[in-house]
>>> print(open('target-v3.cif').read())   # mmCIF, C-alpha atoms (C1' of nucleotides)
data_coords
#
loop_
_atom_site.group_PDB
_atom_site.id
_atom_site.type_symbol
_atom_site.label_atom_id
_atom_site.label_comp_id
_atom_site.auth_asym_id
_atom_site.auth_seq_id
_atom_site.Cartn_x
_atom_site.Cartn_y
_atom_site.Cartn_z
ATOM 1 C CA MET A 1 -7.245 -120.427 146.910
ATOM 2 C CA PRO A 2 -4.055 -122.191 147.761
ATOM 3 C CA GLU A 3 -2.396 -122.406 151.144
ATOM 4 C CA LEU A 4 -1.382 -125.675 152.736
ATOM 5 C CA PRO A 5 -4.944 -126.992 153.265
ATOM 6 C CA GLU A 6 -6.058 -126.174 149.723
ATOM 7 C CA VAL A 7 -2.910 -127.676 148.242
ATOM 8 C CA GLU A 8 -3.417 -130.800 150.340
ATOM 9 C CA ARG A 9 -6.954 -131.033 148.984
ATOM 10 C CA ALA A 10 -5.567 -130.859 145.453
ATOM 11 C CA ARG A 11 -3.040 -133.538 146.352
ATOM 12 C CA GLY A 12 -5.807 -135.840 147.578
ATOM 13 C CA LEU A 13 -7.887 -135.170 144.482
ATOM 14 C CA ALA A 14 -4.972 -136.015 142.220
ATOM 15 C CA GLU A 15 -4.099 -139.075 144.274
ATOM 16 C CA ARG A 16 -7.604 -140.469 144.006
ATOM 17 C CA SER A 17 -7.865 -139.654 140.311
ATOM 18 C CA VAL A 18 -4.580 -140.539 138.674
ATOM 19 C CA VAL A 19 -2.349 -142.722 140.845
ATOM 20 C CA GLY A 20 -1.777 -146.138 139.332
ATOM 21 C CA LYS A 21 -2.756 -144.961 135.860
ATOM 22 C CA TYR A 22 -0.731 -144.223 132.736
ATOM 23 C CA ILE A 23 -0.506 -140.800 131.136
ATOM 24 C CA VAL A 24 -1.492 -141.207 127.508
ATOM 25 C CA LYS A 25 -1.539 -137.575 126.406
ATOM 26 C CA VAL A 26 -0.248 -134.257 127.720
ATOM 27 C CA ALA A 27 -1.720 -130.984 126.476
ATOM 28 C CA THR A 28 0.344 -127.883 127.233
ATOM 29 C CA THR A 29 0.095 -124.159 126.540
ATOM 30 C CA GLY A 30 2.940 -121.930 125.436
ATOM 31 C CA ASP A 31 2.895 -119.969 128.677
ATOM 32 C CA LEU A 32 6.601 -119.435 129.313
ATOM 33 C CA ILE A 33 5.952 -117.647 132.571
ATOM 34 C CA VAL A 34 4.198 -120.582 134.184
ATOM 35 C CA TYR A 35 6.471 -123.204 132.614
ATOM 36 C CA ASP A 36 9.649 -122.446 134.524
ATOM 37 C CA GLY A 37 12.917 -123.820 133.242
ATOM 38 C CA VAL A 38 11.269 -126.365 130.979
ATOM 39 C CA ALA A 39 9.953 -126.080 127.459
ATOM 40 C CA PRO A 40 6.322 -127.210 127.361
ATOM 41 C CA ARG A 41 7.174 -129.792 124.684
ATOM 42 C CA ARG A 42 9.913 -131.336 126.785
ATOM 43 C CA PHE A 43 7.556 -131.361 129.769
ATOM 44 C CA ALA A 44 4.980 -133.209 127.720
ATOM 45 C CA SER A 45 7.389 -135.778 126.362
ATOM 46 C CA ALA A 46 8.803 -136.504 129.821
ATOM 47 C CA LEU A 47 5.311 -137.367 131.066
ATOM 48 C CA ARG A 48 3.773 -139.163 128.124
ATOM 49 C CA GLY A 49 3.605 -142.922 128.585
ATOM 50 C CA ARG A 50 4.589 -142.765 132.259
ATOM 51 C CA ARG A 51 2.716 -144.335 135.165
ATOM 52 C CA ILE A 52 1.916 -142.090 138.156
ATOM 53 C CA GLU A 53 2.972 -143.844 141.351
ATOM 54 C CA ALA A 54 2.257 -141.155 143.927
ATOM 55 C CA VAL A 55 1.275 -137.520 144.362
ATOM 56 C CA ARG A 56 3.134 -135.741 147.130
ATOM 57 C CA ARG A 57 3.114 -132.337 148.776
ATOM 58 C CA PHE A 58 5.456 -130.254 150.886
ATOM 59 C CA GLY A 59 4.386 -126.750 151.877
ATOM 60 C CA LYS A 60 2.561 -125.297 148.874
ATOM 61 C CA TYR A 61 4.399 -127.492 146.351
ATOM 62 C CA LEU A 62 3.032 -130.645 144.753
ATOM 63 C CA TRP A 63 4.795 -133.222 142.659
ATOM 64 C CA MET A 64 3.987 -136.498 140.964
ATOM 65 C CA GLU A 65 6.262 -139.494 141.330
ATOM 66 C CA LEU A 66 6.418 -141.293 138.003
ATOM 67 C CA ASP A 67 7.929 -144.639 137.083
ATOM 68 C CA ARG A 68 10.818 -142.685 135.527
ATOM 69 C CA ARG A 69 12.417 -139.358 136.387
ATOM 70 C CA PRO A 70 12.285 -136.396 135.999
ATOM 71 C CA TRP A 71 9.033 -135.600 137.763
ATOM 72 C CA PRO A 72 6.489 -132.797 137.293
ATOM 73 C CA THR A 73 6.349 -130.259 140.122
ATOM 74 C CA PHE A 74 3.568 -127.714 140.605
ATOM 75 C CA HIS A 75 3.036 -124.496 142.537
ATOM 76 C CA PHE A 76 -0.364 -122.814 142.340
ATOM 77 C CA GLY A 77 0.609 -119.220 143.070
ATOM 78 C CA MET A 78 -2.432 -117.176 144.096
ATOM 79 C CA THR A 79 -4.978 -118.719 141.790
ATOM 80 C CA GLY A 80 -4.037 -122.241 140.733
ATOM 81 C CA SER A 81 -5.811 -125.523 141.403
ATOM 82 C CA PHE A 82 -6.293 -129.020 140.019
ATOM 83 C CA ARG A 83 -9.481 -129.952 138.221
ATOM 84 C CA VAL A 84 -10.546 -133.476 137.305
ATOM 85 C CA TYR A 85 -13.113 -134.354 134.620
ATOM 86 C CA ARG A 86 -13.652 -136.784 131.778
ATOM 87 C CA ASP A 87 -15.062 -134.685 128.968
ATOM 88 C CA ARG A 88 -12.518 -132.563 127.114
ATOM 89 C CA ARG A 89 -15.140 -129.854 126.808
ATOM 90 C CA ASP A 90 -14.916 -129.388 130.564
ATOM 91 C CA ARG A 91 -11.306 -128.267 130.261
ATOM 92 C CA PRO A 92 -11.188 -125.256 132.610
ATOM 93 C CA ARG A 93 -10.633 -121.647 131.607
ATOM 94 C CA PHE A 94 -6.986 -120.577 132.049
ATOM 95 C CA TRP A 95 -5.675 -124.152 131.919
ATOM 96 C CA LYS A 96 -1.903 -124.499 131.629
ATOM 97 C CA VAL A 97 -1.544 -128.264 131.422
ATOM 98 C CA GLU A 98 -3.914 -131.199 131.024
ATOM 99 C CA LEU A 99 -3.028 -134.863 131.534
ATOM 100 C CA LEU A 100 -5.185 -137.513 129.895
ATOM 101 C CA MET A 101 -5.004 -140.860 131.669
ATOM 102 C CA ASP A 102 -5.458 -144.325 130.183
ATOM 103 C CA ASP A 103 -8.973 -144.651 131.651
ATOM 104 C CA GLY A 104 -10.198 -141.344 130.205
ATOM 105 C CA THR A 105 -9.709 -139.294 133.371
ATOM 106 C CA ARG A 106 -8.370 -135.805 132.741
ATOM 107 C CA LEU A 107 -6.513 -133.669 135.246
ATOM 108 C CA ALA A 108 -5.787 -130.006 134.536
ATOM 109 C CA MET A 109 -4.098 -127.149 136.321
ATOM 110 C CA PRO A 110 -5.779 -123.794 135.644
ATOM 111 C CA ASN A 111 -3.890 -120.663 136.692
ATOM 112 C CA ALA A 112 -5.580 -117.380 135.850
ATOM 113 C CA ARG A 113 -3.077 -114.960 137.306
ATOM 114 C CA ARG A 114 -0.024 -116.810 136.021
ATOM 115 C CA LEU A 115 1.810 -116.609 139.314
ATOM 116 C CA GLY A 116 1.873 -120.406 139.497
ATOM 117 C CA ARG A 117 4.814 -122.505 138.269
ATOM 118 C CA ILE A 118 5.223 -125.808 136.481
ATOM 119 C CA ARG A 119 8.665 -127.411 136.648
ATOM 120 C CA LEU A 120 10.314 -130.665 135.711
ATOM 121 C CA LEU A 121 12.747 -131.799 138.405
ATOM 122 C CA HIS A 122 14.898 -134.843 138.898
ATOM 123 C CA ASP A 123 14.375 -135.081 142.650
ATOM 124 C CA PRO A 124 11.864 -132.414 143.747
ATOM 125 C CA GLU A 125 12.021 -133.168 147.456
ATOM 126 C CA HIS A 126 15.791 -132.697 147.629
ATOM 127 C CA GLU A 127 16.417 -129.754 145.347
ATOM 128 C CA PRO A 128 15.309 -126.127 145.278
ATOM 129 C CA PRO A 129 12.800 -124.673 145.665
ATOM 130 C CA ILE A 130 11.450 -127.417 147.945
ATOM 131 C CA SER A 131 14.750 -128.070 149.725
ATOM 132 C CA ASN A 132 14.815 -124.417 150.800
ATOM 133 C CA LEU A 133 11.566 -124.697 152.734
ATOM 134 C CA GLY A 134 11.256 -124.875 156.498
ATOM 135 C CA PHE A 135 9.073 -127.386 158.334
ATOM 136 C CA ASP A 136 5.626 -128.370 157.085
ATOM 137 C CA PRO A 137 3.109 -128.001 159.946
ATOM 138 C CA LEU A 138 1.238 -131.110 158.837
ATOM 139 C CA LEU A 139 4.203 -133.327 157.975
ATOM 140 C CA ASN A 140 7.018 -132.425 160.333
ATOM 141 C CA MET A 141 6.158 -129.867 162.996
ATOM 142 C CA PRO A 142 9.238 -129.411 165.182
ATOM 143 C CA PRO A 143 9.142 -129.942 168.956
ATOM 144 C CA VAL A 144 8.470 -126.852 171.073
ATOM 145 C CA LYS A 145 12.107 -126.361 171.923
ATOM 146 C CA THR A 146 13.191 -126.253 168.284
ATOM 147 C CA PHE A 147 10.187 -124.121 167.376
ATOM 148 C CA ALA A 148 11.140 -121.610 170.069
ATOM 149 C CA ALA A 149 14.762 -121.534 168.931
ATOM 150 C CA LEU A 150 13.673 -120.760 165.386
ATOM 151 C CA LEU A 151 11.615 -117.795 166.595
ATOM 152 C CA ALA A 152 14.341 -116.501 168.895
ATOM 153 C CA ARG A 153 16.508 -115.714 165.877
ATOM 154 C CA ARG A 154 13.869 -113.586 164.259
ATOM 155 C CA LYS A 155 13.621 -109.879 164.859
ATOM 156 C CA GLY A 156 10.716 -109.039 162.553
ATOM 157 C CA PRO A 157 6.964 -109.074 163.188
ATOM 158 C CA ILE A 158 5.571 -112.533 163.901
ATOM 159 C CA LYS A 159 3.153 -112.171 160.990
ATOM 160 C CA GLY A 160 6.062 -111.920 158.570
ATOM 161 C CA VAL A 161 7.839 -114.886 160.135
ATOM 162 C CA LEU A 162 4.746 -117.066 159.795
ATOM 163 C CA LEU A 163 4.537 -116.160 156.112
ATOM 164 C CA ASP A 164 8.208 -116.953 155.518
ATOM 165 C CA GLN A 165 8.244 -120.308 153.707
ATOM 166 C CA SER A 166 11.757 -121.036 154.973
ATOM 167 C CA PHE A 167 10.253 -120.958 158.466
ATOM 168 C CA ALA A 168 6.917 -122.732 158.054
ATOM 169 C CA ALA A 169 6.138 -124.112 154.614
ATOM 170 C CA GLY A 170 2.538 -123.879 153.512
ATOM 171 C CA VAL A 171 1.412 -121.037 155.774
ATOM 172 C CA GLY A 172 -0.201 -118.216 153.811
ATOM 173 C CA ASN A 173 -2.087 -115.083 154.640
ATOM 174 C CA TRP A 174 -5.297 -116.506 156.023
ATOM 175 C CA VAL A 175 -3.637 -119.291 158.011
ATOM 176 C CA ALA A 176 -1.195 -116.792 159.556
ATOM 177 C CA ASP A 177 -4.010 -114.462 160.616
ATOM 178 C CA GLU A 178 -6.081 -117.352 161.960
ATOM 179 C CA VAL A 179 -3.175 -118.691 164.018
ATOM 180 C CA LEU A 180 -2.414 -115.286 165.530
ATOM 181 C CA TYR A 181 -6.075 -114.707 166.313
ATOM 182 C CA GLN A 182 -6.508 -118.023 168.070
ATOM 183 C CA ALA A 183 -3.159 -117.754 169.851
ATOM 184 C CA ARG A 184 -4.149 -114.222 170.929
ATOM 185 C CA ILE A 185 -0.934 -112.644 169.674
ATOM 186 C CA ALA A 186 -0.821 -109.263 167.907
ATOM 187 C CA PRO A 187 0.642 -109.563 164.390
ATOM 188 C CA ARG A 188 3.262 -106.829 164.906
ATOM 189 C CA ARG A 189 4.842 -108.447 167.946
ATOM 190 C CA ARG A 190 8.486 -109.229 167.296
ATOM 191 C CA ALA A 191 8.994 -112.971 167.044
ATOM 192 C CA ARG A 192 11.933 -113.021 169.442
ATOM 193 C CA ASP A 193 9.918 -111.190 172.115
ATOM 194 C CA LEU A 194 7.192 -113.826 172.492
ATOM 195 C CA THR A 195 6.993 -115.430 175.926
ATOM 196 C CA PRO A 196 7.481 -119.210 176.252
ATOM 197 C CA GLU A 197 3.757 -119.536 176.883
ATOM 198 C CA GLU A 198 2.941 -117.576 173.716
ATOM 199 C CA VAL A 199 5.361 -119.694 171.705
ATOM 200 C CA ARG A 200 3.619 -122.854 172.911
ATOM 201 C CA ARG A 201 0.214 -121.420 172.034
ATOM 202 C CA LEU A 202 1.419 -120.326 168.625
ATOM 203 C CA ARG A 203 2.776 -123.761 167.814
ATOM 204 C CA SER A 204 -0.279 -125.647 169.008
ATOM 205 C CA CYS A 205 -2.680 -123.290 167.213
ATOM 206 C CA LEU A 206 -0.694 -123.641 164.000
ATOM 207 C CA GLY A 207 -0.855 -127.435 164.166
ATOM 208 C CA ARG A 208 -4.493 -127.525 165.175
ATOM 209 C CA ILE A 209 -5.721 -125.062 162.556
ATOM 210 C CA VAL A 210 -3.891 -126.751 159.719
ATOM 211 C CA ARG A 211 -5.064 -130.223 160.780
ATOM 212 C CA LYS A 212 -8.665 -129.073 161.106
ATOM 213 C CA ALA A 213 -8.681 -127.297 157.756
ATOM 214 C CA VAL A 214 -7.263 -130.411 156.103
ATOM 215 C CA GLU A 215 -9.742 -132.641 157.935
ATOM 216 C CA VAL A 216 -12.647 -130.722 156.387
ATOM 217 C CA ASP A 217 -10.913 -130.800 152.994
ATOM 218 C CA ALA A 218 -10.221 -127.042 153.047
ATOM 219 C CA ASP A 219 -13.958 -126.450 152.661
ATOM 220 C CA LYS A 220 -14.537 -123.010 154.144
ATOM 221 C CA TYR A 221 -18.173 -123.788 154.856
ATOM 222 C CA ARG A 222 -17.048 -126.517 157.228
ATOM 223 C CA PHE A 223 -14.548 -124.400 159.137
ATOM 224 C CA PRO A 224 -15.615 -123.775 162.753
ATOM 225 C CA LYS A 225 -17.768 -120.657 163.082
ATOM 226 C CA THR A 226 -15.528 -119.492 165.899
ATOM 227 C CA TRP A 227 -12.641 -119.013 163.476
ATOM 228 C CA LEU A 228 -11.695 -115.580 162.250
ATOM 229 C CA PHE A 229 -11.741 -116.941 158.697
ATOM 230 C CA GLY A 230 -15.436 -116.644 157.955
ATOM 231 C CA HIS A 231 -15.587 -113.074 159.196
ATOM 232 C CA ARG A 232 -12.424 -111.505 157.843
ATOM 233 C CA TRP A 233 -13.379 -110.880 154.224
ATOM 234 C CA GLY A 234 -14.634 -107.641 152.977
ATOM 235 C CA ARG A 235 -13.113 -104.764 154.846
ATOM 236 C CA SER A 236 -16.203 -103.145 156.209
ATOM 237 C CA PRO A 237 -15.369 -101.158 159.336
ATOM 238 C CA ASP A 238 -18.125 -102.898 161.274
ATOM 239 C CA ALA A 239 -16.827 -106.428 160.624
ATOM 240 C CA THR A 240 -16.928 -108.527 163.766
ATOM 241 C CA THR A 241 -16.047 -112.073 164.825
ATOM 242 C CA ALA A 242 -18.574 -114.640 166.033
ATOM 243 C CA ARG A 243 -17.890 -113.304 169.524
ATOM 244 C CA GLY A 244 -18.752 -109.756 168.426
ATOM 245 C CA GLU A 245 -15.170 -108.514 168.524
ATOM 246 C CA THR A 246 -14.183 -105.771 166.078
ATOM 247 C CA ILE A 247 -11.908 -106.863 163.224
ATOM 248 C CA ILE A 248 -9.467 -104.359 161.778
ATOM 249 C CA HIS A 249 -7.451 -104.548 158.572
ATOM 250 C CA GLU A 250 -3.905 -103.250 158.254
ATOM 251 C CA THR A 251 -0.893 -103.893 156.084
ATOM 252 C CA ILE A 252 1.704 -105.774 158.112
ATOM 253 C CA ALA A 253 4.829 -107.377 156.654
ATOM 254 C CA GLY A 254 3.551 -106.266 153.277
ATOM 255 C CA ARG A 255 0.262 -108.171 153.452
ATOM 256 C CA THR A 256 -3.291 -107.264 154.361
ATOM 257 C CA THR A 257 -3.751 -108.478 157.892
ATOM 258 C CA ALA A 258 -7.088 -108.970 159.628
ATOM 259 C CA TRP A 259 -6.855 -108.962 163.404
ATOM 260 C CA VAL A 260 -8.704 -108.229 166.622
ATOM 261 C CA PRO A 261 -6.886 -105.769 168.914
ATOM 262 C CA GLN A 262 -9.370 -106.475 171.659
ATOM 263 C CA ARG A 263 -8.192 -110.075 171.827
ATOM 264 C CA GLN A 264 -4.662 -110.114 170.399
ATOM 265 C CA VAL A 265 -2.010 -108.615 172.640
ATOM 266 C "C1'" DC B 1 -12.147 -97.233 135.960
ATOM 267 C "C1'" DT B 2 -9.701 -98.436 140.085
ATOM 268 C "C1'" DC B 3 -7.950 -101.378 143.314
ATOM 269 C "C1'" DA B 4 -7.231 -105.379 146.213
ATOM 270 C "C1'" DG B 5 -5.592 -109.994 146.185
ATOM 271 C "C1'" DT B 6 -5.305 -117.286 149.784
ATOM 272 C "C1'" DG B 7 2.179 -115.898 146.560
ATOM 273 C "C1'" DT B 8 7.109 -115.588 145.473
ATOM 274 C "C1'" DT B 9 11.236 -113.231 144.205
ATOM 275 C "C1'" DC B 10 14.570 -109.819 144.027
ATOM 276 C "C1'" DA B 11 16.820 -105.286 144.698
ATOM 277 C "C1'" DG B 12 17.890 -102.171 148.207
ATOM 278 C "C1'" DT B 13 18.904 -101.133 153.002
ATOM 279 C "C1'" DG B 14 20.664 -101.566 157.590
ATOM 280 C "C1'" DT C 1 26.115 -112.530 155.389
ATOM 281 C "C1'" DC C 2 21.765 -112.095 157.298
ATOM 282 C "C1'" DA C 3 17.237 -110.198 158.115
ATOM 283 C "C1'" DC C 4 13.846 -107.380 156.615
ATOM 284 C "C1'" DT C 5 10.956 -104.270 153.484
ATOM 285 C "C1'" DG C 6 8.689 -102.946 149.520
ATOM 286 C "C1'" DA C 7 8.022 -103.243 144.736
ATOM 287 C "C1'" DA C 8 7.297 -106.068 140.836
ATOM 288 C "C1'" DC C 9 5.140 -109.722 138.551
ATOM 289 C "C1'" DA C 10 0.186 -110.616 135.840
ATOM 290 C "C1'" DC C 11 -4.488 -110.603 135.599
ATOM 291 C "C1'" DT C 12 -9.287 -111.273 137.402
ATOM 292 C "C1'" DG C 13 -13.239 -109.731 139.567
ATOM 293 C "C1'" DA C 14 -15.582 -106.695 142.779
#
>>> encode(input="target-v3.cif", output="structure tokens")
Amino acid sequence: MPELPEVERARGLAERSVVGKYIVKVATTGDLIVYDGVAPRRFASALRGRRIEAVRRFGKYLWMELDRRPWPTFHFGMTGSFRVYRDRRDRPRFWKVELLMDDGTRLAMPNARRLGRIRLLHDPEHEPPISNLGFDPLLNMPPVKTFAALLARRKGPIKGVLLDQSFAAGVGNWVADEVLYQARIAPRRRARDLTPEEVRRLRSCLGRIVRKAVEVDADKYRFPKTWLFGHRWGRSPDATTARGETIIHETIAGRTTAWVPQRQV
DNA sequence: CTCAGTGTTCAGTG
DNA sequence: TCACTGAACACTGA
């Protein structure tokens, strides 16, 4: 589920549901893999009684700004999300934390595969892991010149660079493939070998795709039909894009990569 | 039963 | 020291 657009959707959901309200109860689980560096009980007591002033995101990380520090920080891993409901019986399967607000609203983070993380940080934006991230394509995309300079230092395949969170925070596997498809760049091309024109295309496609996905609230049914996204799943050998181009699947930079040799050079 | 998977981290290598 | 690769992590669902 969660790359930048999905995490931004979760941020908006949380913002609409809990900002301005007080946390009256915090339910936690004893999952010491997901709770990272904080005992669930300490996490709960740091949040109880606090007012949520804002919900913020950078890359794939989310955090809540409370009226007193430290602040809760969330990463969804491969399977996390936020769910909002009012009836405790709707608490989702695989929940790791649930906040009950003073108006009865409940917000939970389910995380089936346990690759997500819940932390308690004094200043999330300015300390690791968030301070180690590169630019966020929605919040602070660098100018072309800077973008090009970043790529010029990288020897590896462009697919791997796009996935590197210290380069572009929030880009995950499907966004990377979509960007390369629309920019017409083959995923194995070495980043430093891209032409200035390709670098410009890459940057503008990255910005455009992320903005569009966020605009439609990361709802895959509202993504443009011309995108690779809706056609890449399932690995049937006869998979094609909306234009009828053949999609192939290969492992590149350690991840399954869907791409169209006919179009990406 | 087997295997892939929208992510991150860390050990090993060059 | 840096950049990169591949395995490990943990577990669901096809």
>>> resolve_selection(input="target-v3.cif", expression="the PyMOL selection byres ((chain A and resi 260-264) around 8)", output="number ranges by chain")
A: 180-181, 183-186, 245-248, 258-259, 265
>>> interface_residues(input="target-v3.cif", of="chain A", to="chain C", cutoff="9 Å", atoms="all atoms listed in the file", output="list in words")
Ala112, Arg113, Arg114, Leu115, Arg154, Lys155, Gly156, Ala253 and Gly254 of chain A
>>> closest_atom_pairs(input="target-v3.cif", of="chain B", to="chain A", cutoff="12 Å", atoms="only C-alpha atoms (C1' of nucleotides)", output="CSV")
residue,atom,partner,partner_atom,distance
B:DA4,C1',A:Thr256,CA,9.2
B:DG5,C1',A:Met78,CA,8.1
B:DT6,C1',A:Met1,CA,4.7
B:DG7,C1',A:Gly77,CA,5.1
B:DT8,C1',A:Gly77,CA,7.8
B:DT9,C1',A:Leu115,CA,11.1
>>> axis_aligned_box(input="target-v3.cif", around="stretch 4-10 of chain B", padding_each_side="6 Å", output="AutoDock Vina command-line options")
--center_x 3.7 --center_y -111.3 --center_z 146.9 --size_x 33.8 --size_y 23.9 --size_z 17.8
>>> residues_near_point(input="target-v3.cif", point="(1.7, -142.9, 128.0)", cutoff="10 Å", atoms="all atoms listed in the file", output="compact mmCIF listing (two decimals) with C-alpha atoms, in the coordinates of the input")
# COMPACT_ATOMS: atom_id res chain seq x y z
CA LYS A 21 -2.76 -144.96 135.86
CA TYR A 22 -0.73 -144.22 132.74
CA ILE A 23 -0.51 -140.80 131.14
CA VAL A 24 -1.49 -141.21 127.51
CA LYS A 25 -1.54 -137.57 126.41
CA VAL A 26 -0.25 -134.26 127.72
CA SER A 45 7.39 -135.78 126.36
CA ALA A 46 8.80 -136.50 129.82
CA LEU A 47 5.31 -137.37 131.07
CA ARG A 48 3.77 -139.16 128.12
CA GLY A 49 3.60 -142.92 128.58
CA ARG A 50 4.59 -142.76 132.26
CA ARG A 51 2.72 -144.34 135.16
CA LEU A 99 -3.03 -134.86 131.53
CA LEU A 100 -5.18 -137.51 129.90
CA MET A 101 -5.00 -140.86 131.67
CA ASP A 102 -5.46 -144.32 130.18
>>> closest_residue(input="target-v3.cif", among="A:Thr105, A:Thr251, A:Thr28, A:Ser166", to="A:Leu133", atoms="only C-alpha atoms")
A:Ser166
>>> resolve_selection(input="target-v3.cif", expression="the PyMOL selection byres ((chain A and resi 220-227) around 8)", output="compact mmCIF listing (two decimals) with C-alpha atoms, in the coordinates of the input")
# COMPACT_ATOMS: atom_id res chain seq x y z
CA GLU A 178 -6.08 -117.35 161.96
CA GLN A 182 -6.51 -118.02 168.07
CA LYS A 212 -8.66 -129.07 161.11
CA ALA A 213 -8.68 -127.30 157.76
CA VAL A 216 -12.65 -130.72 156.39
CA ALA A 218 -10.22 -127.04 153.05
CA ASP A 219 -13.96 -126.45 152.66
CA LEU A 228 -11.70 -115.58 162.25
CA PHE A 229 -11.74 -116.94 158.70
CA GLY A 230 -15.44 -116.64 157.96
CA HIS A 231 -15.59 -113.07 159.20
CA THR A 241 -16.05 -112.07 164.82
CA ALA A 242 -18.57 -114.64 166.03
CA ARG A 243 -17.89 -113.30 169.52
>>> resolve_selection(input="target-v3.cif", expression="the PyMOL selection byres ((chain A and resi 136) around 8)", output="PDB file with C-alpha atoms, keeping the file's coordinate frame")
ATOM      1  CA  PHE A  58       5.456-130.254 150.886  1.00  0.00           C
ATOM      2  CA  GLY A  59       4.386-126.750 151.877  1.00  0.00           C
ATOM      3  CA  GLY A 134      11.256-124.875 156.498  1.00  0.00           C
ATOM      4  CA  PHE A 135       9.073-127.386 158.334  1.00  0.00           C
ATOM      5  CA  PRO A 137       3.109-128.001 159.946  1.00  0.00           C
ATOM      6  CA  LEU A 138       1.238-131.110 158.837  1.00  0.00           C
ATOM      7  CA  LEU A 139       4.203-133.327 157.975  1.00  0.00           C
ATOM      8  CA  ASN A 140       7.018-132.425 160.333  1.00  0.00           C
ATOM      9  CA  MET A 141       6.158-129.867 162.996  1.00  0.00           C
ATOM     10  CA  ALA A 168       6.917-122.732 158.054  1.00  0.00           C
ATOM     11  CA  ALA A 169       6.138-124.112 154.614  1.00  0.00           C
ATOM     12  CA  GLY A 170       2.538-123.879 153.512  1.00  0.00           C
TER      13      GLY A 170
END
>>> atom_distance(input="target-v3.cif", atom1="atom C1' of B:DT13", atom2="atom CA of A:Pro157")
17.6 Å
>>> residues_around(input="target-v3.cif", residues="A:Leu206", least_positions_apart="3", cutoff="8 Å", atoms="only C-alpha atoms (C1' of nucleotides)", output="list in words")
Pro137, Val175, Val179, Leu202, Arg203, Ile209 and Val210 of chain A
>>> closest_residue(input="target-v3.cif", among="A:Gly37, A:Pro5, A:Gly104, A:Gly30", to="A:Ser17", atoms="only C-alpha atoms")
A:Gly104
>>> atom_distance(input="target-v3.cif", atom1="atom CA of A:Ala176", atom2="atom CA of A:Ile118")
25.6 Å
>>> atom_distance(input="target-v3.cif", atom1="atom CA of A:Arg201", atom2="atom CA of A:Pro143")
12.7 Å
>>> decode(input="target-v3.cif", residues="chain C", atoms="C-alpha atoms (C1' of nucleotides)", output="short mmCIF file (atom, residue, chain, number, x, y, z; two decimals), in the first residue's frame")
data_model
loop_
_atom_site.label_atom_id
_atom_site.label_comp_id
_atom_site.auth_asym_id
_atom_site.auth_seq_id
_atom_site.Cartn_x
_atom_site.Cartn_y
_atom_site.Cartn_z
"C1'" DT C 1 34.61 6.32 3.07
"C1'" DC C 2 31.41 5.65 -0.41
"C1'" DA C 3 28.41 3.18 -3.52
"C1'" DC C 4 26.23 -0.81 -4.52
"C1'" DT C 5 24.23 -5.67 -4.02
"C1'" DG C 6 21.85 -9.23 -1.96
"C1'" DA C 7 20.00 -11.36 1.98
"C1'" DA C 8 17.28 -10.96 5.99
"C1'" DC C 9 13.33 -9.51 8.35
"C1'" DA C 10 7.96 -11.35 9.04
"C1'" DC C 11 3.80 -12.75 7.42
"C1'" DT C 12 -0.27 -12.66 4.23
"C1'" DG C 13 -2.60 -14.05 0.31
"C1'" DA C 14 -2.64 -15.78 -4.38
#
